Amino acid sequence: MTLTLRETIPCVLTIAGSDSGGGAGIQSDLKTFTALGVFGACAITAITAQNTKGVYEVFPIPARVVEKQIETVLSDLSINVVKTGMLYTKEIVQVVVEAIKKYGLKAVVDTVFRAGSEDLLILEEGREALVRELIPNAFIVTLNRYEAEDVAEMEIKNREDMIEAATKIAELGAEAIIVKGGHLQGTEVVDILYYNESYKMFTKPRIPLDIHGGGCTFSSAIAAYLAK
């Protein structure tokens, strides 16, 4: 008997926007999946005119088309893990939530609110729906300092604040929360994982790089290892 791709290689679905600069979004997700030996499928939520300096145009894909992409992929490939990035509209967020419930997907939710250049990547109604509807259905949520401040409705200045924010966000219903410390000052970067009412710190030296898309790569790597 000949084995197919679906039976031999773990598959992950990324639901995110397209970054024409190639450093973030769908492009970053698929590169990360490939690097980690996982097959990546995708549902594109928006087309952006973007490079390392900023986001210059956003064209959201209609929610019904996003839904059709998801359904078409899941009807063929064996996928249990989904990673979300830029969702942009409330309607797209709701399509994703329904897919998670319908197919029993383990969701890695990267709360993409703004690009590294501070350009808006989700409408206000979409952000509210993400917090109210998507996070409660997530397996793990990854947030940078500013996203965590927004969701937890508090200021984050140090590690203790990160732990408090992660605890608050976990109360929304996700199984695990990661608050990333890259935007805090210091020679070391500390990420906080909150899971099963306890936390763990991951500390590493800060590397002086001027890049964007790190959050996409990080959450995609988590999804890839969950699929494995």
# chains A, B, ... in the order shown; residues from 1 in each chain; ligands from 1
call {"tool": "select_by_dssp", "arguments": {"residues": "range 3-225 of chain A", "states": "strand (DSSP E or B)", "output": "MDAnalysis selection string"}}
result
chainID A and resid 11:19 39:50 55:60 81:84 88 106:110 114 120 122 140:143 176:179 188:195 198:205
call {"tool": "select_by_dssp", "arguments": {"residues": "range 14-225 of chain A", "states": "alpha helix (DSSP H)", "output": "PyMOL selection string"}}
result
chain A and resi 25-35+63-74+90-103+124-129+145-152+159-170+214-225
call {"tool": "closest_residue", "arguments": {"among": "A:Gly186, A:Gly126, A:Gly17, A:Pro136", "to": "Ile44 in chain A", "atoms": "only C-alpha atoms"}}
result
A:Gly17
call {"tool": "closest_atom_pairs", "arguments": {"of": "range 8-90 of chain A", "to": "range 101-125 of chain A", "cutoff": "6 Å", "atoms": "only C-alpha atoms", "output": "CSV"}}
result
residue,atom,partner,partner_atom,distance
A:Gly54,CA,A:Ser117,CA,5.3
A:Asn80,CA,A:Leu105,CA,5.1
A:Val81,CA,A:Lys106,CA,4.7
A:Val82,CA,A:Ala107,CA,4.9
A:Lys83,CA,A:Val108,CA,4.7
A:Thr84,CA,A:Val109,CA,5.0
A:Gly85,CA,A:Asp110,CA,5.3
A:Met86,CA,A:Val112,CA,5.3
A:Tyr88,CA,A:Ile122,CA,3.8
A:Thr89,CA,A:Leu123,CA,5.8
A:Lys90,CA,A:Glu125,CA,5.5
call {"tool": "residues_around", "arguments": {"residues": "Ala174 in chain A", "least_positions_apart": "3", "cutoff": "8 Å", "atoms": "only C-alpha atoms", "output": "NGL selection string"}}
result
:A and (135-141 or 169-171 or 177)
call {"tool": "atom_distance", "arguments": {"atom1": "CA of Ala221 in chain A", "atom2": "CA of Phe33 in chain A"}}
result
6.9 Å
call {"tool": "closest_residue", "arguments": {"among": "A:Gln94, A:Thr167, A:Gln69, A:Thr187", "to": "Leu13 in chain A", "atoms": "only C-alpha atoms"}}
result
A:Gln69
call {"tool": "residues_around", "arguments": {"residues": "Val190 in chain A", "least_positions_apart": "6", "cutoff": "7 Å", "atoms": "only C-alpha atoms", "output": "PyMOL selection string"}}
result
chain A and resi 180-181+201-204
call {"tool": "write_last_selection", "arguments": {"atoms": "N, CA and C atoms", "output": "mmCIF file, in the first residue's frame"}}
result
data_model
loop_
_atom_site.group_PDB
_atom_site.id
_atom_site.type_symbol
_atom_site.label_atom_id
_atom_site.label_comp_id
_atom_site.auth_asym_id
_atom_site.auth_seq_id
_atom_site.Cartn_x
_atom_site.Cartn_y
_atom_site.Cartn_z
ATOM 1 N N LYS A 180 4.957 37.418 25.835
ATOM 2 C CA LYS A 180 6.339 37.566 25.389
ATOM 3 C C LYS A 180 6.938 38.873 25.904
ATOM 4 N N GLY A 181 8.201 38.815 26.288
ATOM 5 C CA GLY A 181 8.838 39.966 26.920
ATOM 6 C C GLY A 181 9.772 40.766 26.048
ATOM 7 N N MET A 201 9.017 30.572 33.459
ATOM 8 C CA MET A 201 9.744 31.620 32.749
ATOM 9 C C MET A 201 10.767 31.015 31.800
ATOM 10 N N PHE A 202 10.853 31.588 30.610
ATOM 11 C CA PHE A 202 11.869 31.202 29.639
ATOM 12 C C PHE A 202 12.745 32.429 29.384
ATOM 13 N N THR A 203 14.013 32.335 29.751
ATOM 14 C CA THR A 203 14.916 33.478 29.671
ATOM 15 C C THR A 203 16.028 33.213 28.661
ATOM 16 N N LYS A 204 16.302 34.224 27.839
ATOM 17 C CA LYS A 204 17.407 34.107 26.880
ATOM 18 C C LYS A 204 18.010 35.488 26.640
#
call {"tool": "closest_residue", "arguments": {"among": "A:Leu143, A:Leu184, A:Ala165, A:Ala129", "to": "Val97 in chain A", "atoms": "only C-alpha atoms"}}
result
A:Ala129
call {"tool": "atom_distance", "arguments": {"atom1": "CA of Thr32 in chain A", "atom2": "CA of Ala166 in chain A"}}
result
25.6 Å
call {"tool": "residues_around", "arguments": {"residues": "Asp19 in chain A", "least_positions_apart": "6", "cutoff": "7 Å", "atoms": "only C-alpha atoms", "output": "PDB file with N, CA and C atoms, in the first residue's frame"}}
result
ATOM      1  N   GLY A  25       3.295  36.984   8.462  1.00  0.00           N
ATOM      2  CA  GLY A  25       2.085  36.449   7.857  1.00  0.00           C
ATOM      3  C   GLY A  25       2.217  35.048   7.293  1.00  0.00           C
ATOM      4  N   ILE A  26       1.386  34.778   6.294  1.00  0.00           N
ATOM      5  CA  ILE A  26       1.346  33.462   5.656  1.00  0.00           C
ATOM      6  C   ILE A  26       2.736  33.018   5.202  1.00  0.00           C
ATOM      7  N   GLN A  27       3.491  33.935   4.622  1.00  0.00           N
ATOM      8  CA  GLN A  27       4.810  33.581   4.103  1.00  0.00           C
ATOM      9  C   GLN A  27       5.736  33.092   5.212  1.00  0.00           C
ATOM     10  N   THR A  48      -1.936  42.219   1.906  1.00  0.00           N
ATOM     11  CA  THR A  48      -1.367  43.497   2.322  1.00  0.00           C
ATOM     12  C   THR A  48      -0.244  43.918   1.382  1.00  0.00           C
ATOM     13  N   GLN A  50       3.009  45.403   1.896  1.00  0.00           N
ATOM     14  CA  GLN A  50       3.792  45.501   3.129  1.00  0.00           C
ATOM     15  C   GLN A  50       5.259  45.214   2.848  1.00  0.00           C
TER      16      GLN A  50
END
call {"tool": "closest_residue", "arguments": {"among": "A:Leu77, A:Cys42, A:Leu36, A:Met162", "to": "Thr8 in chain A", "atoms": "only C-alpha atoms"}}
result
A:Leu77
call {"tool": "residues_around", "arguments": {"residues": "Gly37 in chain A", "least_positions_apart": "4", "cutoff": "10 Å", "atoms": "only C-alpha atoms", "output": "PyMOL selection string"}}
result
chain A and resi 9-11+32-33+224-225+228
call {"tool": "atom_distance", "arguments": {"atom1": "CA of Arg64 in chain A", "atom2": "CA of Ala43 in chain A"}}
result
11.4 Å
call {"tool": "closest_residue", "arguments": {"among": "A:Ala46, A:Ser20, A:Ala41, A:Ala176", "to": "Asp76 in chain A", "atoms": "only C-alpha atoms"}}
result
A:Ala41
call {"tool": "residues_around", "arguments": {"residues": "range 211-216 of chain A", "least_positions_apart": "6", "cutoff": "7 Å", "atoms": "only C-alpha atoms", "output": "list of chain:residue names"}}
result
A:Gly23, A:Ala24, A:Gly25, A:Ser28, A:Asp29, A:Thr52, A:Gly116
call {"tool": "closest_residue", "arguments": {"among": "A:Leu226, A:Ile163, A:Leu87, A:Leu134", "to": "Tyr194 in chain A", "atoms": "only C-alpha atoms"}}
result
A:Ile163
